[in-house]
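Remarks on the structure that follows.
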Amino acid sequence: MQPVQIFPVSKTSSGSPRNSHSIDAFGRIVLILLVCMQLICAGACIAETNHRVYFKGTDAELDVYTITGSLPGPTLLLLGGIQGDEPGGYLAADLYADISLKQGKMIVVPRANFLSIVENSRGVAGDMNRKFAGVSDSSDRDARVVEIIKELMKKSDFFLNLHDGSGFYAPKWESSERNPFRFGQSIIADASDHKRPDGKIIQMEKIVGRVLEKVNPQISSAEHVFRFNNHRTLSDDTKHKEQRLSATFHALTQVGIPAFAIETSKSVKDFSLRVRYQTMVVNAFLHEFGIIPDAPRIYLENPQLKYLIVSINGRAPIVVSGNDVLKVHEGDIIRIVHIEANYSRGLTAKVKNAAGKLNDVNRDIQITKNTDIQIKKDRFVIGNIPVEIMPGRPNSVAGIHFEPRVKHFSIRVNDRTFQIEPGEEFPLIRGDSIVLLEPQTNLPSDEEKSIRVDLRGFQAESSPYPTDDRGHRVNTSTDLQDKYGTVRGKSTIFPLQAKIGSRVIAESYIAVGEPQTEYMVLKVVNSGSFVIYPGDTLELPAHQVVTIEDIKTNIADKTPLFITMRGKTIRWDQKGSAGIDASKLSDKETPLDISRDGGHTIGRIWLKQGSGFRVFSKQSEPKELLVPARY
């Protein structure tokens, strides 16, 4: 806005001033209008982001972003990364540090516990989210961060804490993965309603209900919809008394603001999908709170290292890409000056075996043996640059050397494509069909064919690459020779190697586990449903008919399953497509087998006709099923 300018009073043609009374009146009107415009612009035109760093250069470094909208409104405190092994939360929170607002204010703390994030630990000094009750212990490294978060709560009208939780929350027991003791895909509050000391009632459940009405229609998978999860933390009979130590409980009971935890499920393995779910919920809360963003983001780019800037012995810095090897002499001192990536926050570089801090950027490190510089974006490794000692101290100048490297292998599993980083172990179930695709490397495209891909245990009959396993469809049940694998637990591990000549330049691992049935859901005709587990025996009265409603296995969804009984095999396609008529059973146990191909059994239950309706389990006494539990 331009400053107000003072103009000379105009005169009449005779040179005399105009009527002074009319001038004074007009001037007062203009002055009032100018003041009003200034006040309006002061409230509507100032939008900014303030970035403050607490404890800079320490393991407890804390970034706080205060985003002010162009129009006044309520303030939301958004917290991520209070538990370091929950990337869906801190990756989503980080997106909002770049947001601009039309109305309201946000205080964004993307990484409350940065050291734990880099270490992929719930908490290197214990659970930070259990340290909000009472006065913080000054000897605890987390205490000063907790105190800052408490102060930020006092400046806020609402609080959201972003997490990843186990399994899938359900108000009633459905399975070991989906029950009231799981947290995933839920919005947690400490009460349905909370009465503040001033008498105001915060209607937590109603707020969440309106948010769910906006979020759940956007989610295509019925298994991933969110639910309200009332921990009833203030109640004497709560099952979650530990939550009385949490950040949300402190915000609600001590500060008196609505506070919620958003929990995406750790069983959703795709981090980007978790982040998308988190941002859907956060954006719905923003709408509920009256905070209006200019352009909320709901996507996440894969982090990528572009290059490092490194100085050797104080000389002019050089650029080292992720494909290079840094060559130095013994005793040289290197300084990592800068990390350039497609993100600017959450970046660290650590020289392996170097003593000291979480982050070696802008530190002098003396190199006495071969080592590596590992670059991370939060917990995710985005680069490893070898540092190699050159023999002796020849006249050659230390610098960089190109080294061929595989960034990731590509593999198609049951018609879905995945990327596997070197060193990563990728789980499969025996019987899965895989195709090895082109790996991504740092080589020019015309040189990539010099790399050979070898899945140990598989012998290709023919290939466009004579000694290469790319392009072949591999049945993990019939085409892998177990003698080339290593048995670990219930899986067999097969090396997946990239080679130039006979030299292995990258290796990942394919872990092949055994397929198994977890449980079956049976439904009594005209009645309820119940669960039966492999090995159980089901006794049915002669008049009873049950249908097979669901078969839960550890193999991929939409994989055809087959049911075999008394030598007859049928394909089970969908809910209720197969049934059991007890009048055809005898009083001797008859096996019912589940398989993925009509051959190898992956689960078996036993059936017999009897006087009652009972389940005999290997682990327990016979159970009467007079009124089957609803499923």
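Scheme for the structure tokens: letters A, B, ... for chains in order shown; per-chain residue numbers from 1; ligand numbers from 1 in order shown.
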Notebook entry, point to check: Could you pull the residues within 10 Å of segment 429-431 of chain A, counting only C-alpha atoms, minus those fewer than 6 positions along the same chain, as a PyMOL selection string?
Noted result: chain A and resi 414+474-480+491-492+511-516+554-556+596-597+600
Next item on the list: Find the residues near Pro495 of chain A: any atom within 7 Å, counting only C-alpha atoms, skip ones fewer than 4 places away on the same chain, and give them as a PyMOL selection string.
Entry: chain A and resi 455-456+507-510
Next item on the list: Enter the distance from atom CA of Pro72 of chain A to atom CA of Arg210 of chain A, in Å, rounded to one decimal.
Entry: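 Computing the Euclidean distance for atom CA of Pro72 of chain A and atom CA of Arg210 of chain A yields 23.2 Å.
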Selection near Pro386 of chain A, 7 Å with only C-alpha atoms, sequence-local residues under 3 positions removed, as a PDB file with C-alpha atoms, in the first residue's frame:
ATOM      1  CA  VAL A 325      32.379 -41.218  -5.432  1.00  0.00           C
ATOM      2  CA  LEU A 326      34.212 -38.588  -3.401  1.00  0.00           C
ATOM      3  CA  THR A 371      33.388 -44.267   4.542  1.00  0.00           C
ATOM      4  CA  ASP A 372      30.024 -43.061   3.226  1.00  0.00           C
ATOM      5  CA  ILE A 373      27.936 -39.922   3.440  1.00  0.00           C
TER       6      ILE A 373
END
Next item on the list: Could you pull out the residues in segment 169-374 of chain A that DSSP calls strand (DSSP E or B) from the backbone, as a PyMOL selection string?
Entry: chain A and resi 169+178-179+186-189+193-195+201-203+227-230+259-265+292-293+305-312+318-321+324-329+333-341+347-351+361+364-366+371-374
Contacts of segment 302-310 of chain A at 10 Å or less, counting only C-alpha atoms, minus same-chain residues fewer than 5 places along, as a PDB file with C-alpha atoms, in the first residue's frame?
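Contents of around-v7.pdb, freshly written:
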ATOM      1  CA  PHE A 271       3.219 -43.660   2.623  1.00  0.00           C
ATOM      2  CA  SER A 272       1.856 -41.315  -0.044  1.00  0.00           C
ATOM      3  CA  ARG A 315      39.281 -25.148  -0.861  1.00  0.00           C
ATOM      4  CA  ALA A 316      36.547 -23.926  -3.210  1.00  0.00           C
ATOM      5  CA  PRO A 317      33.516 -26.207  -2.861  1.00  0.00           C
ATOM      6  CA  ILE A 318      32.729 -28.838  -5.482  1.00  0.00           C
ATOM      7  CA  VAL A 319      29.388 -30.352  -6.494  1.00  0.00           C
ATOM      8  CA  VAL A 320      28.979 -34.080  -5.742  1.00  0.00           C
ATOM      9  CA  SER A 321      25.952 -35.831  -7.234  1.00  0.00           C
ATOM     10  CA  GLY A 322      24.363 -38.979  -5.928  1.00  0.00           C
ATOM     11  CA  ASN A 323      26.104 -40.970  -8.648  1.00  0.00           C
ATOM     12  CA  ASP A 324      29.625 -39.901  -7.695  1.00  0.00           C
ATOM     13  CA  LEU A 326      34.212 -38.588  -3.401  1.00  0.00           C
ATOM     14  CA  ILE A 334      35.736 -32.365   4.326  1.00  0.00           C
ATOM     15  CA  ARG A 335      32.860 -29.988   5.033  1.00  0.00           C
ATOM     16  CA  ILE A 336      29.376 -30.603   3.643  1.00  0.00           C
ATOM     17  CA  VAL A 337      28.242 -27.086   2.845  1.00  0.00           C
ATOM     18  CA  HIS A 338      24.772 -27.735   1.432  1.00  0.00           C
ATOM     19  CA  ILE A 339      22.265 -30.453   0.504  1.00  0.00           C
ATOM     20  CA  GLU A 340      20.215 -29.777  -2.626  1.00  0.00           C
ATOM     21  CA  ALA A 341      17.076 -31.893  -2.979  1.00  0.00           C
ATOM     22  CA  ASN A 342      13.468 -31.483  -4.080  1.00  0.00           C
ATOM     23  CA  TYR A 343      12.635 -30.676  -0.438  1.00  0.00           C
ATOM     24  CA  LEU A 347      17.383 -33.006   5.369  1.00  0.00           C
ATOM     25  CA  ALA A 349      23.827 -35.716   6.007  1.00  0.00           C
ATOM     26  CA  VAL A 361      26.266 -30.355   7.544  1.00  0.00           C
ATOM     27  CA  ASN A 362      28.684 -27.449   8.107  1.00  0.00           C
ATOM     28  CA  ILE A 373      27.936 -39.922   3.440  1.00  0.00           C
ATOM     29  CA  ILE A 375      21.722 -38.315   3.125  1.00  0.00           C
ATOM     30  CA  LYS A 376      18.232 -38.550   4.568  1.00  0.00           C
ATOM     31  CA  LYS A 377      14.928 -36.787   4.163  1.00  0.00           C
ATOM     32  CA  ASP A 378      13.480 -37.428   7.618  1.00  0.00           C
ATOM     33  CA  PHE A 380      14.160 -41.953   4.348  1.00  0.00           C
ATOM     34  CA  VAL A 381      17.599 -42.483   2.841  1.00  0.00           C
ATOM     35  CA  ILE A 382      17.776 -40.492  -0.412  1.00  0.00           C
ATOM     36  CA  GLY A 383      21.462 -40.898  -1.133  1.00  0.00           C
ATOM     37  CA  ASN A 384      24.679 -42.697  -0.184  1.00  0.00           C
ATOM     38  CA  ILE A 385      27.875 -41.144  -1.488  1.00  0.00           C
ATOM     39  CA  GLY A 399      37.645 -34.849  -6.132  1.00  0.00           C
TER      40      GLY A 399
END
Next item on the list: Would you mind listing what lies within 12 Å of Arg416 of chain A as a count of residues only, with only C-alpha atoms counted and same-chain residues fewer than 3 positions away left out?
Entry: 13
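Distances to Ile219 of chain A were evaluated for A:Met153, A:Ile99, A:Leu273, A:Ile367 using only C-alpha atoms, and the minimum falls at A:Leu273.
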Item checked: Filtered DSSP result for segment 467-603 of chain A, state helix (DSSP H, G or I), as a ChimeraX atom specification -> /A:482-484,582-584
Check: By how many Å are atom CA of Tyr533 of chain A and atom CA of Lys568 of chain A apart?
Finding: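 Value for the atom CA of Tyr533 of chain A-atom CA of Lys568 of chain A distance: 21.5 Å.
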Next item on the list: Can you pull out every residue within 9 Å of segment 603-610 of chain A, counting only C-alpha atoms, but drop anything in the same chain fewer than 5 positions away, and send it as a PyMOL selection string?
Entry: chain A and resi 515-519+532-542+553+582-595
Notebook entry, point to check: Quick one, how far is atom CA of Tyr96 of chain A from atom CA of His224 of chain A?
Noted result: 22.9 Å
Checklist line | Given only C-alpha atoms as the counted atoms, nearest of A:Arg232, A:His329, A:Arg111, A:Lys150 to Asp59 of chain A | finding: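 Comparing A:Arg232, A:His329, A:Arg111, A:Lys150 against Asp59 of chain A, the winner is A:Arg111.
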